[in-house]
file my_file-v6.cif (mmCIF, C-alpha atoms and all ligand atoms)
data_query
loop_
_atom_site.label_atom_id
_atom_site.label_comp_id
_atom_site.auth_asym_id
_atom_site.auth_seq_id
_atom_site.Cartn_x
_atom_site.Cartn_y
_atom_site.Cartn_z
CA MET A 1 0.00 0.00 0.00
CA ARG A 2 1.27 3.48 -0.88
CA CYS A 3 1.21 6.21 1.77
CA VAL A 4 0.85 9.94 1.06
CA ASP A 5 0.08 12.86 3.35
CA VAL A 6 -2.73 14.25 1.20
CA LEU A 7 -4.86 12.47 -1.36
CA ILE A 8 -7.14 14.52 -3.62
CA VAL A 9 -9.98 12.79 -5.44
CA GLY A 10 -10.84 14.70 -8.63
CA GLY A 11 -8.77 16.97 -10.88
CA GLY A 12 -11.35 19.64 -11.81
CA PRO A 13 -10.96 23.27 -10.65
CA ALA A 14 -11.49 22.32 -6.98
CA GLY A 15 -8.93 19.50 -6.96
CA SER A 16 -6.27 21.27 -9.04
CA SER A 17 -6.57 24.46 -6.94
CA ALA A 18 -6.09 22.47 -3.74
CA ALA A 19 -3.18 20.56 -5.32
CA ARG A 20 -1.43 23.79 -6.33
CA VAL A 21 -1.53 25.24 -2.82
CA LEU A 22 -0.37 21.97 -1.26
CA LYS A 23 2.41 21.42 -3.77
CA ARG A 24 3.68 24.98 -3.29
CA ALA A 25 3.78 24.36 0.46
CA GLY A 26 5.89 21.26 -0.11
CA ALA A 27 3.21 18.77 0.96
CA ASP A 28 3.37 15.14 -0.09
CA VAL A 29 0.26 15.15 -2.29
CA LEU A 30 -1.24 12.83 -4.90
CA LEU A 31 -4.29 13.49 -7.08
CA LEU A 32 -6.47 10.73 -8.48
CA ASP A 33 -8.93 11.25 -11.34
CA ARG A 34 -10.94 8.61 -13.16
CA GLU A 35 -10.19 10.36 -16.48
CA THR A 36 -6.97 11.20 -18.25
CA PHE A 37 -6.57 14.89 -19.05
CA PRO A 38 -7.51 16.74 -21.14
CA ARG A 39 -10.98 15.37 -20.53
CA LEU A 40 -14.52 16.42 -21.39
CA LYS A 41 -16.34 18.50 -18.79
CA LEU A 42 -19.81 19.66 -19.71
CA CYS A 43 -19.77 23.36 -18.88
CA ALA A 44 -20.45 26.67 -20.63
CA GLY A 45 -16.95 27.74 -19.59
CA TRP A 46 -17.86 31.25 -18.51
CA ILE A 47 -15.45 32.61 -15.89
CA THR A 48 -15.60 35.80 -13.85
CA PRO A 49 -12.86 38.36 -13.15
CA GLU A 50 -12.76 36.96 -9.57
CA VAL A 51 -11.78 33.55 -10.93
CA VAL A 52 -9.02 35.16 -13.01
CA ARG A 53 -7.75 36.97 -9.90
CA GLU A 54 -7.94 33.97 -7.62
CA LEU A 55 -6.04 31.83 -10.08
CA GLU A 56 -3.43 34.58 -10.53
CA MET A 57 -4.02 34.13 -14.27
CA ASP A 58 -2.14 36.30 -16.72
CA LEU A 59 -4.75 36.48 -19.48
CA ASP A 60 -2.16 37.33 -22.11
CA ALA A 61 -0.05 34.32 -21.22
CA TYR A 62 -2.96 31.83 -21.10
CA PRO A 63 -2.00 29.35 -23.86
CA HIS A 64 -5.52 28.32 -24.95
CA ARG A 65 -8.76 29.79 -26.24
CA LEU A 66 -10.03 32.71 -24.20
CA VAL A 67 -12.50 35.45 -25.07
CA THR A 68 -13.24 38.53 -22.97
CA PHE A 69 -16.78 39.90 -23.16
CA PRO A 70 -17.43 43.59 -22.53
CA ARG A 71 -21.10 42.83 -21.76
CA LEU A 72 -23.66 40.07 -21.31
CA ARG A 73 -26.84 40.11 -23.43
CA VAL A 74 -29.67 39.21 -21.10
CA HIS A 75 -33.07 38.27 -22.54
CA TYR A 76 -36.32 37.91 -20.63
CA GLY A 77 -39.47 37.49 -22.71
CA LYS A 78 -39.43 40.30 -25.27
CA LEU A 79 -36.98 42.31 -23.19
CA SER A 80 -33.33 42.28 -24.27
CA VAL A 81 -30.77 44.16 -22.18
CA PRO A 82 -27.02 44.58 -22.64
CA VAL A 83 -25.39 44.34 -19.21
CA PRO A 84 -22.00 46.08 -19.29
CA CYS A 85 -19.67 43.88 -17.26
CA VAL A 86 -16.41 42.08 -17.99
CA GLN A 87 -16.61 38.27 -18.15
CA HIS A 88 -14.51 35.65 -19.95
CA SER A 89 -15.01 32.36 -21.73
CA ILE A 90 -12.62 29.41 -21.88
CA ARG A 91 -13.01 25.80 -23.01
CA ARG A 92 -13.05 23.43 -20.04
CA PHE A 93 -11.39 20.75 -22.13
CA GLU A 94 -8.31 22.99 -22.26
CA PHE A 95 -8.68 25.03 -19.06
CA ASP A 96 -8.89 22.09 -16.63
CA ALA A 97 -5.87 20.34 -18.17
CA TRP A 98 -3.91 23.60 -17.98
CA LEU A 99 -4.87 24.12 -14.32
CA LEU A 100 -3.92 20.57 -13.43
CA GLU A 101 -0.56 20.74 -15.15
CA ARG A 102 0.13 24.11 -13.53
CA ALA A 103 -0.57 22.64 -10.10
CA GLY A 104 2.55 20.50 -10.51
CA ALA A 105 1.27 17.65 -8.33
CA PRO A 106 1.55 13.99 -9.35
CA VAL A 107 -1.66 12.71 -10.95
CA GLU A 108 -2.78 9.12 -11.43
CA GLN A 109 -5.73 7.83 -13.36
CA HIS A 110 -7.98 5.82 -11.06
CA ASN A 111 -11.72 5.57 -10.52
CA VAL A 112 -12.08 5.80 -6.72
CA ARG A 113 -14.79 3.63 -5.20
CA GLU A 114 -14.19 2.73 -1.57
CA ILE A 115 -12.94 4.91 1.27
CA VAL A 116 -12.44 3.52 4.74
CA ALA A 117 -11.42 5.47 7.86
CA ASP A 118 -8.15 4.16 9.33
CA GLY A 119 -6.86 5.77 12.54
CA ASP A 120 -6.21 9.44 11.81
CA GLY A 121 -6.42 8.86 8.05
CA PHE A 122 -8.12 6.93 5.27
CA ILE A 123 -7.56 3.94 3.03
CA VAL A 124 -8.69 4.38 -0.56
CA ASP A 125 -9.58 1.28 -2.57
CA GLY A 126 -7.16 -0.73 -0.47
CA ALA A 127 -4.28 0.79 -2.46
CA TRP A 128 -3.48 4.16 -0.89
CA ARG A 129 -3.30 5.38 2.68
CA CYS A 130 -3.44 9.11 3.37
CA ARG A 131 -3.64 11.28 6.45
CA TYR A 132 -5.72 13.98 4.73
CA LEU A 133 -8.36 13.40 2.07
CA ILE A 134 -9.89 16.08 -0.17
CA GLY A 135 -13.13 15.24 -1.99
CA ALA A 136 -13.16 17.16 -5.29
CA GLY A 137 -14.89 14.59 -7.47
CA GLY A 138 -17.88 16.68 -8.57
CA THR A 139 -21.54 15.66 -8.20
CA ARG A 140 -20.78 11.94 -7.89
CA CYS A 141 -17.72 12.34 -5.70
CA PRO A 142 -16.92 9.11 -3.81
CA VAL A 143 -15.69 11.11 -0.79
CA TYR A 144 -19.14 12.72 -0.57
CA ARG A 145 -20.84 9.33 -1.05
CA ASN A 146 -18.70 7.50 1.52
CA LEU A 147 -18.23 10.13 4.23
CA PHE A 148 -20.55 13.13 3.86
CA ARG A 149 -23.84 12.01 2.33
CA GLU A 150 -25.64 11.43 5.63
CA LEU A 151 -24.20 14.63 7.15
CA ASN A 152 -25.08 16.85 4.15
CA PRO A 153 -28.02 15.30 2.33
CA ARG A 154 -28.56 17.06 -0.99
CA ALA A 155 -31.68 19.18 -1.40
CA HIS A 156 -33.57 17.87 -4.43
CA GLU A 157 -35.16 21.25 -5.02
CA LEU A 158 -31.65 22.59 -5.75
CA GLN A 159 -30.80 19.98 -8.37
CA ILE A 160 -30.09 21.42 -11.80
CA VAL A 161 -30.45 19.43 -14.98
CA THR A 162 -28.69 20.57 -18.16
CA LEU A 163 -28.21 19.74 -21.82
CA GLU A 164 -25.39 21.32 -23.76
CA HIS A 165 -23.06 20.96 -26.71
CA GLU A 166 -19.76 22.65 -27.54
CA ILE A 167 -19.17 22.73 -31.28
CA GLU A 168 -16.81 24.11 -33.83
CA TYR A 169 -18.83 26.87 -35.44
CA ARG A 170 -17.94 30.06 -37.27
CA TRP A 171 -20.11 32.27 -35.09
CA GLU A 172 -20.87 35.83 -36.09
CA ASP A 173 -22.37 37.34 -32.96
CA PRO A 174 -19.47 37.77 -30.47
CA ASP A 175 -21.71 38.46 -27.44
CA CYS A 176 -22.53 36.05 -24.66
CA HIS A 177 -26.36 35.65 -24.58
CA LEU A 178 -28.50 34.41 -21.69
CA TRP A 179 -32.25 33.78 -22.05
CA PHE A 180 -34.11 33.51 -18.75
CA CYS A 181 -37.37 31.58 -18.28
CA ASP A 182 -37.84 31.08 -22.02
CA GLU A 183 -40.98 28.99 -22.71
CA GLY A 184 -41.45 28.60 -18.95
CA LEU A 185 -37.97 27.10 -18.34
CA PRO A 186 -37.20 27.46 -14.61
CA GLY A 187 -33.63 28.42 -15.46
CA TYR A 188 -31.88 29.79 -18.52
CA SER A 189 -30.36 28.95 -21.87
CA TRP A 190 -27.03 30.24 -23.11
CA TYR A 191 -24.90 31.00 -26.17
CA VAL A 192 -21.22 31.41 -25.23
CA PRO A 193 -18.71 32.06 -28.05
CA LYS A 194 -15.18 30.72 -27.67
CA GLU A 195 -12.06 31.86 -29.41
CA ASN A 196 -11.26 30.62 -32.92
CA GLY A 197 -14.66 29.43 -33.95
CA TRP A 198 -15.89 27.37 -31.04
CA LEU A 199 -19.26 27.82 -29.43
CA ASN A 200 -21.05 26.44 -26.37
CA VAL A 201 -24.85 26.42 -26.21
CA GLY A 202 -27.11 24.83 -23.62
CA VAL A 203 -30.17 24.86 -21.40
CA GLY A 204 -30.36 24.32 -17.66
CA GLY A 205 -33.05 24.49 -15.02
CA PHE A 206 -34.38 23.16 -11.73
CA ALA A 207 -35.08 19.45 -12.23
CA GLU A 208 -38.03 19.23 -9.82
CA ARG A 209 -39.78 22.28 -11.21
CA ILE A 210 -39.38 21.10 -14.79
CA LYS A 211 -40.84 17.73 -13.81
CA SER A 212 -43.72 19.12 -11.79
CA ALA A 213 -44.68 21.34 -14.77
CA GLY A 214 -44.98 18.11 -16.78
CA GLN A 215 -42.04 19.15 -18.98
CA ASP A 216 -38.63 17.74 -19.64
CA ILE A 217 -35.26 19.32 -20.42
CA LYS A 218 -35.26 17.74 -23.89
CA THR A 219 -38.37 19.72 -24.84
CA HIS A 220 -36.65 22.90 -23.71
CA TRP A 221 -33.57 21.96 -25.68
CA ALA A 222 -35.67 21.35 -28.83
CA HIS A 223 -37.26 24.78 -28.47
CA PHE A 224 -33.86 26.43 -27.92
CA ALA A 225 -32.20 24.62 -30.83
CA GLY A 226 -35.04 25.76 -33.10
CA LYS A 227 -34.58 29.32 -31.96
CA LEU A 228 -30.81 29.18 -32.59
CA ASP A 229 -31.36 27.70 -36.03
CA ALA A 230 -33.71 30.54 -36.89
CA GLY A 231 -31.15 33.16 -35.91
CA LEU A 232 -27.77 32.97 -34.23
CA THR A 233 -26.47 29.59 -35.46
CA ARG A 234 -28.18 28.75 -38.74
CA GLY A 235 -27.27 25.32 -40.07
CA ALA A 236 -25.34 24.19 -36.97
CA HIS A 237 -25.77 20.54 -35.94
CA TYR A 238 -26.15 19.70 -32.28
CA ASP A 239 -26.03 16.45 -30.36
CA PRO A 240 -26.24 17.59 -26.73
CA SER A 241 -25.21 15.69 -23.60
CA GLY A 242 -26.68 16.02 -20.12
CA TYR A 243 -25.25 16.58 -16.67
CA SER A 244 -26.78 17.31 -13.31
CA TYR A 245 -25.42 19.21 -10.32
CA PHE A 246 -26.57 20.96 -7.16
CA LEU A 247 -26.76 24.63 -6.31
CA ARG A 248 -25.62 26.04 -3.01
CA GLY A 249 -27.83 24.88 -0.18
CA ARG A 250 -27.03 24.26 3.46
CA VAL A 251 -23.63 22.69 3.68
CA ASP A 252 -23.48 21.90 7.37
CA VAL A 253 -20.39 19.74 7.51
CA VAL A 254 -17.45 20.47 5.22
CA ARG A 255 -14.80 18.69 7.23
CA ARG A 256 -15.03 15.31 8.92
CA ASP A 257 -11.90 14.44 10.86
CA ASN A 258 -9.20 14.82 8.21
CA ALA A 259 -11.55 14.62 5.23
CA PHE A 260 -12.68 17.76 3.34
CA ILE A 261 -15.37 18.30 0.75
CA THR A 262 -15.05 20.93 -2.01
CA GLY A 263 -16.68 22.25 -5.22
CA ASP A 264 -19.61 20.40 -6.78
CA ALA A 265 -19.02 17.52 -4.38
CA ALA A 266 -20.23 19.88 -1.65
CA GLY A 267 -22.88 21.48 -3.90
CA LEU A 268 -21.44 25.01 -3.98
CA ALA A 269 -22.55 26.44 -7.37
CA SER A 270 -24.20 29.85 -7.09
CA ARG A 271 -27.94 29.91 -6.39
CA ASP A 272 -28.82 32.40 -9.13
CA LEU A 273 -26.70 31.41 -12.18
CA GLY A 274 -25.26 28.00 -11.31
CA GLU A 275 -21.72 29.37 -11.49
CA GLY A 276 -19.55 26.66 -9.97
CA ILE A 277 -15.97 27.22 -11.17
CA GLY A 278 -15.28 30.09 -8.74
CA PRO A 279 -16.73 28.34 -5.67
CA ALA A 280 -14.82 25.16 -6.62
CA ILE A 281 -11.52 27.04 -6.77
CA ARG A 282 -12.17 28.96 -3.55
CA SER A 283 -13.15 25.85 -1.61
CA GLY A 284 -10.17 23.89 -2.97
CA VAL A 285 -7.77 26.63 -1.90
CA ARG A 286 -9.32 26.81 1.55
CA ALA A 287 -9.27 23.07 2.11
CA ALA A 288 -5.58 23.07 1.22
CA ALA A 289 -4.92 26.05 3.52
CA ALA A 290 -6.64 24.22 6.36
CA ILE A 291 -4.14 21.39 5.89
CA VAL A 292 -1.07 23.56 5.36
CA ASP A 293 -1.67 26.29 7.98
CA GLY A 294 -4.23 24.64 10.22
CA ALA A 295 -6.67 27.42 9.17
CA PRO A 296 -10.33 26.69 9.85
CA TYR A 297 -12.10 25.29 6.81
CA ARG A 298 -15.19 27.44 6.42
CA LEU A 299 -17.26 28.18 3.34
CA ASP A 300 -19.74 30.72 4.77
CA ASP A 301 -18.34 33.52 2.63
CA VAL A 302 -17.87 31.47 -0.54
CA THR A 303 -20.56 33.40 -2.36
CA GLY A 304 -23.84 31.72 -3.14
CA MET A 305 -24.81 34.41 -5.69
CA SER A 306 -23.24 35.49 -9.00
CA VAL A 307 -25.14 38.76 -9.44
CA THR A 308 -22.94 40.39 -6.81
CA SER A 309 -19.89 39.62 -8.96
CA ILE A 310 -21.65 40.94 -12.08
CA ALA A 311 -22.68 44.13 -10.23
CA ARG A 312 -19.11 44.59 -9.05
CA SER A 313 -17.82 44.20 -12.59
CA MET A 314 -20.44 46.71 -13.86
CA LEU A 315 -19.23 49.27 -11.32
CA THR A 316 -15.58 48.67 -12.22
CA ARG A 317 -16.41 48.96 -15.89
CA ALA A 318 -18.35 52.18 -15.32
CA ALA A 319 -15.27 53.61 -13.62
CA ARG A 320 -12.84 52.29 -16.28
CA PRO A 321 -14.30 51.76 -19.76
CA PHE A 322 -13.58 48.41 -21.40
CA GLY A 323 -10.34 48.66 -23.32
CA PRO A 324 -7.21 46.77 -24.19
CA HIS A 325 -6.95 45.11 -20.73
CA GLY A 326 -9.31 42.39 -21.91
CA ARG A 327 -7.69 39.83 -24.19
CA ARG A 328 -9.05 38.57 -27.53
CA ARG A 329 -12.44 40.11 -27.78
CA ALA A 330 -13.50 38.01 -30.73
CA GLY A 331 -12.21 35.02 -32.61
CA GLU A 332 -13.44 33.31 -35.70
CA GLY A 333 -13.03 30.27 -37.93
CA GLY A 334 -14.26 26.70 -37.80
CA ALA A 335 -16.70 24.54 -39.64
CA ALA A 336 -20.46 24.81 -39.27
CA ASP A 337 -20.77 21.14 -38.37
CA GLY A 338 -20.83 20.07 -34.73
CA LEU A 339 -17.84 18.14 -33.42
CA ARG A 340 -18.59 15.95 -30.45
CA HIS A 341 -16.41 16.34 -27.39
CA ASP A 342 -15.27 12.77 -27.59
CA ASN A 343 -13.70 13.54 -30.98
CA GLN A 344 -11.36 16.05 -29.43
C1 LIG B 401 -23.90 22.31 -18.56
C2 LIG B 401 -23.16 23.04 -17.46
C3 LIG B 401 -22.73 24.34 -17.67
C4 LIG B 401 -22.01 25.02 -16.67
N1 LIG B 401 -21.55 26.27 -16.94
C5 LIG B 401 -20.79 26.91 -16.01
C6 LIG B 401 -20.17 28.15 -16.33
O1 LIG B 401 -20.29 28.65 -17.44
N2 LIG B 401 -19.43 28.77 -15.36
C7 LIG B 401 -19.28 28.22 -14.11
O2 LIG B 401 -18.61 28.84 -13.25
N3 LIG B 401 -19.82 27.02 -13.80
C8 LIG B 401 -20.55 26.34 -14.73
N4 LIG B 401 -21.05 25.10 -14.44
C9 LIG B 401 -20.72 24.49 -13.15
C10 LIG B 401 -19.27 23.99 -13.15
O3 LIG B 401 -19.03 23.22 -14.30
C11 LIG B 401 -18.98 23.14 -11.90
O4 LIG B 401 -19.54 23.77 -10.78
C12 LIG B 401 -17.49 22.95 -11.70
O5 LIG B 401 -16.94 22.19 -12.75
C13 LIG B 401 -17.20 22.25 -10.37
O6 LIG B 401 -15.82 21.94 -10.30
P1 LIG B 401 -15.31 20.70 -9.43
O7 LIG B 401 -13.82 20.75 -9.48
O8 LIG B 401 -15.99 20.70 -8.12
O9 LIG B 401 -15.85 19.40 -10.18
P2 LIG B 401 -15.60 18.85 -11.66
O10 LIG B 401 -15.17 19.95 -12.56
O11 LIG B 401 -16.83 18.10 -12.01
O12 LIG B 401 -14.39 17.86 -11.52
C14 LIG B 401 -14.55 16.64 -10.84
C15 LIG B 401 -13.46 15.68 -11.28
O13 LIG B 401 -13.55 14.50 -10.47
C16 LIG B 401 -13.35 13.36 -11.28
N5 LIG B 401 -14.03 12.23 -10.64
C17 LIG B 401 -15.36 12.05 -10.49
N6 LIG B 401 -15.60 10.87 -9.88
C18 LIG B 401 -14.40 10.31 -9.64
C19 LIG B 401 -13.99 9.08 -9.03
N7 LIG B 401 -14.88 8.20 -8.58
N8 LIG B 401 -12.67 8.82 -8.94
C20 LIG B 401 -11.74 9.70 -9.42
N9 LIG B 401 -12.09 10.87 -10.01
C21 LIG B 401 -13.39 11.17 -10.11
C22 LIG B 401 -13.95 13.73 -12.62
O14 LIG B 401 -13.40 12.97 -13.67
C23 LIG B 401 -13.59 15.23 -12.72
O15 LIG B 401 -12.37 15.42 -13.40
C24 LIG B 401 -21.76 24.39 -15.42
C25 LIG B 401 -22.20 23.08 -15.21
C26 LIG B 401 -22.89 22.41 -16.22
C27 LIG B 401 -23.33 21.00 -15.99
#
call {"tool": "encode", "arguments": {"input": "my_file-v6.cif", "output": "structure tokens"}}
result
Amino acid sequence: MRCVDVLIVGGGPAGSSAARVLKRAGADVLLLDRETFPRLKLCAGWITPEVVRELEMDLDAYPHRLVTFPRLRVHYGKLSVPVPCVQHSIRRFEFDAWLLERAGAPVEQHNVREIVADGDGFIVDGAWRCRYLIGAGGTRCPVYRNLFRELNPRAHELQIVTLEHEIEYRWEDPDCHLWFCDEGLPGYSWYVPKENGWLNVGVGGFAERIKSAGQDIKTHWAHFAGKLDAGLTRGAHYDPSGYSYFLRGRVDVVRRDNAFITGDAAGLASRDLGEGIGPAIRSGVRAAAAIVDGAPYRLDDVTGMSVTSIARSMLTRAARPFGPHGRRRAGEGGAADGLRHDNQ
């Protein structure tokens, strides 16, 4: 059996952020992920200026596709409003692999199943022993399943169901569009351009409310795809995939002995827009700090709302008009046919 001080399960933004802090502090850390990177992660890939700051990202040095938006186009019924705020889009396929590599921690491919408490630590699948364990495995995280499920049962009313597809497409409209409550969807649909002719479109909403209205997410997708075909993405071919995750509810217990829960595994995505990358990074960093410095691991101020970040960006933008500080405002190129993620 191999022994490490810290074992991280999951190499998404939560796991790689924790790994980076631990590695920098000289900890003996190993990260396990069931996939090899780069790997598909269903996500619109919209990131906020806070995420850029927290990751200490130099936008000009980022080696992959990145677009900076000077505004969001928000639609509600017949109302269409440009919201002046700075936001960015990346492709998760590239971004997560870059974050993980940057963390500099050893990574092994392994699908974690069983976790057993052992003295002051844990044994994982009978193959690894660790003193500290960080659960960063997303919605189906085995650390959540094995150690936290009874302590933090998930609230079904906060479950989000989504359908999305990221395709190569020579888009013409460079804005990020969000349609709220279209056709009664208890959520929103999105159009997020990526650099060099990639595009992410999708629909997401509260699973229970969609069901109790006698609808299903596929019907909402069909409506949305029809709308795109009539306007923004004529002739594009979509074959969407689904994923489900939980918005921020009560997270009573985030640490159990030497085990920590972070990101989607803890259900930390923002209540209003389902933004989960920022909360994943923040919680990963804090879990690592709790191990390195003995700091308390608390998530009370990991924001549950995205509008506060958007409002902050609007104020900043009002004070300093959008200019050359944002990188790559528009890209282009790419075929009009959809390319499935698994072809990448
Ligand atoms: C369709 C969609 C669109 C979204 N759009 C946005 C957006 O635009 N902006 C935003 O901020 N948020 C968005 N989110 C939310 C965001 O994607 C998540 O909140 C975020 O990825 C959470 O990061 P994480 O590190 O906690 O988990 P993840 O990114 O899910 O990473 C978990 C990792 O754990 C690994 N893993 C899982 N199980 C195991 C196991 N048993 N053993 C080993 N490894 C395992 C997985 O392979 C994965 O690499 C979106 C979500 C969806 C579904």
call {"tool": "residues_near_ligand", "arguments": {"input": "my_file-v6.cif", "ligand": "ligand LIG 401 (chain B)", "cutoff": "7 Å", "atoms": "only C-alpha atoms and all ligand atoms", "output": "PyMOL selection string"}}
result
chain A and resi 9-15+32-35+41-47+110-113+136-142+162-164+202+204+243-245+262-265+269+274-278+280
call {"tool": "residues_near_point", "arguments": {"input": "my_file-v6.cif", "point": "(-10.7, 21.4, 2.7)", "cutoff": "12 Å", "atoms": "all atoms listed in the file", "output": "PDB file with C-alpha atoms, in the coordinates of the input"}}
result
ATOM      1  CA  VAL A   6      -2.730  14.250   1.200  1.00  0.00           C
ATOM      2  CA  LEU A   7      -4.860  12.470  -1.360  1.00  0.00           C
ATOM      3  CA  ILE A   8      -7.140  14.520  -3.620  1.00  0.00           C
ATOM      4  CA  VAL A   9      -9.980  12.790  -5.440  1.00  0.00           C
ATOM      5  CA  ALA A  14     -11.490  22.320  -6.980  1.00  0.00           C
ATOM      6  CA  GLY A  15      -8.930  19.500  -6.960  1.00  0.00           C
ATOM      7  CA  SER A  17      -6.570  24.460  -6.940  1.00  0.00           C
ATOM      8  CA  ALA A  18      -6.090  22.470  -3.740  1.00  0.00           C
ATOM      9  CA  ALA A  19      -3.180  20.560  -5.320  1.00  0.00           C
ATOM     10  CA  VAL A  21      -1.530  25.240  -2.820  1.00  0.00           C
ATOM     11  CA  LEU A  22      -0.370  21.970  -1.260  1.00  0.00           C
ATOM     12  CA  TYR A 132      -5.720  13.980   4.730  1.00  0.00           C
ATOM     13  CA  LEU A 133      -8.360  13.400   2.070  1.00  0.00           C
ATOM     14  CA  ILE A 134      -9.890  16.080  -0.170  1.00  0.00           C
ATOM     15  CA  GLY A 135     -13.130  15.240  -1.990  1.00  0.00           C
ATOM     16  CA  ALA A 136     -13.160  17.160  -5.290  1.00  0.00           C
ATOM     17  CA  VAL A 143     -15.690  11.110  -0.790  1.00  0.00           C
ATOM     18  CA  VAL A 253     -20.390  19.740   7.510  1.00  0.00           C
ATOM     19  CA  VAL A 254     -17.450  20.470   5.220  1.00  0.00           C
ATOM     20  CA  ARG A 255     -14.800  18.690   7.230  1.00  0.00           C
ATOM     21  CA  ARG A 256     -15.030  15.310   8.920  1.00  0.00           C
ATOM     22  CA  ASP A 257     -11.900  14.440  10.860  1.00  0.00           C
ATOM     23  CA  ASN A 258      -9.200  14.820   8.210  1.00  0.00           C
ATOM     24  CA  ALA A 259     -11.550  14.620   5.230  1.00  0.00           C
ATOM     25  CA  PHE A 260     -12.680  17.760   3.340  1.00  0.00           C
ATOM     26  CA  ILE A 261     -15.370  18.300   0.750  1.00  0.00           C
ATOM     27  CA  THR A 262     -15.050  20.930  -2.010  1.00  0.00           C
ATOM     28  CA  GLY A 263     -16.680  22.250  -5.220  1.00  0.00           C
ATOM     29  CA  ALA A 265     -19.020  17.520  -4.380  1.00  0.00           C
ATOM     30  CA  ALA A 266     -20.230  19.880  -1.650  1.00  0.00           C
ATOM     31  CA  ALA A 280     -14.820  25.160  -6.620  1.00  0.00           C
ATOM     32  CA  ILE A 281     -11.520  27.040  -6.770  1.00  0.00           C
ATOM     33  CA  ARG A 282     -12.170  28.960  -3.550  1.00  0.00           C
ATOM     34  CA  SER A 283     -13.150  25.850  -1.610  1.00  0.00           C
ATOM     35  CA  GLY A 284     -10.170  23.890  -2.970  1.00  0.00           C
ATOM     36  CA  VAL A 285      -7.770  26.630  -1.900  1.00  0.00           C
ATOM     37  CA  ARG A 286      -9.320  26.810   1.550  1.00  0.00           C
ATOM     38  CA  ALA A 287      -9.270  23.070   2.110  1.00  0.00           C
ATOM     39  CA  ALA A 288      -5.580  23.070   1.220  1.00  0.00           C
ATOM     40  CA  ALA A 289      -4.920  26.050   3.520  1.00  0.00           C
ATOM     41  CA  ALA A 290      -6.640  24.220   6.360  1.00  0.00           C
ATOM     42  CA  ILE A 291      -4.140  21.390   5.890  1.00  0.00           C
ATOM     43  CA  VAL A 292      -1.070  23.560   5.360  1.00  0.00           C
ATOM     44  CA  ASP A 293      -1.670  26.290   7.980  1.00  0.00           C
ATOM     45  CA  GLY A 294      -4.230  24.640  10.220  1.00  0.00           C
ATOM     46  CA  ALA A 295      -6.670  27.420   9.170  1.00  0.00           C
ATOM     47  CA  PRO A 296     -10.330  26.690   9.850  1.00  0.00           C
ATOM     48  CA  TYR A 297     -12.100  25.290   6.810  1.00  0.00           C
ATOM     49  CA  ARG A 298     -15.190  27.440   6.420  1.00  0.00           C
ATOM     50  CA  LEU A 299     -17.260  28.180   3.340  1.00  0.00           C
TER      51      LEU A 299
END
call {"tool": "atom_distance", "arguments": {"input": "my_file-v6.cif", "atom1": "atom CA of A:Trp128", "atom2": "atom CA of A:Arg2"}}
result
4.8 Å
call {"tool": "residues_around", "arguments": {"input": "my_file-v6.cif", "residues": "stretch 86-89 of chain A", "least_positions_apart": "3", "cutoff": "7 Å", "atoms": "all atoms listed in the file", "output": "ChimeraX atom specification"}}
result
/A:45-49,66-71,194,313
call {"tool": "atom_distance", "arguments": {"input": "my_file-v6.cif", "atom1": "atom CA of A:Phe95", "atom2": "atom CA of A:Ser189"}}
result
22.2 Å
call {"tool": "residues_around", "arguments": {"input": "my_file-v6.cif", "residues": "A:Val107", "least_positions_apart": "2", "cutoff": "7 Å", "atoms": "only C-alpha atoms", "output": "PyMOL selection string"}}
result
chain A and resi 30-32+105+109
call {"tool": "closest_residue", "arguments": {"input": "my_file-v6.cif", "among": "A:Ile90, A:Ile217, A:Val116, A:Leu59", "to": "A:Asn196", "atoms": "all atoms listed in the file"}}
result
A:Ile90
call {"tool": "atom_distance", "arguments": {"input": "my_file-v6.cif", "atom1": "atom CA of A:Gly214", "atom2": "atom CA of A:Pro240"}}
result
21.2 Å
call {"tool": "closest_residue", "arguments": {"input": "my_file-v6.cif", "among": "A:Lys211, A:Arg53, A:Arg39, A:His177", "to": "A:Gln159", "atoms": "only C-alpha atoms"}}
result
A:Lys211
call {"tool": "closest_residue", "arguments": {"input": "my_file-v6.cif", "among": "A:Ala25, A:Leu99, A:Leu178, A:Val81", "to": "A:Met57", "atoms": "only C-alpha atoms"}}
result
A:Leu99
call {"tool": "closest_residue", "arguments": {"input": "my_file-v6.cif", "among": "A:Arg312, A:Arg271, A:Glu101, A:Arg248", "to": "A:Asp300", "atoms": "all atoms listed in the file"}}
result
A:Arg248
call {"tool": "closest_residue", "arguments": {"input": "my_file-v6.cif", "among": "A:Pro106, A:Gly184, A:Pro193, A:Pro153", "to": "A:Glu166", "atoms": "only C-alpha atoms"}}
result
A:Pro193
call {"tool": "residues_around", "arguments": {"input": "my_file-v6.cif", "residues": "A:Cys181", "least_positions_apart": "3", "cutoff": "10 Å", "atoms": "all atoms listed in the file", "output": "ChimeraX atom specification"}}
result
/A:75-77,178,184-189,205
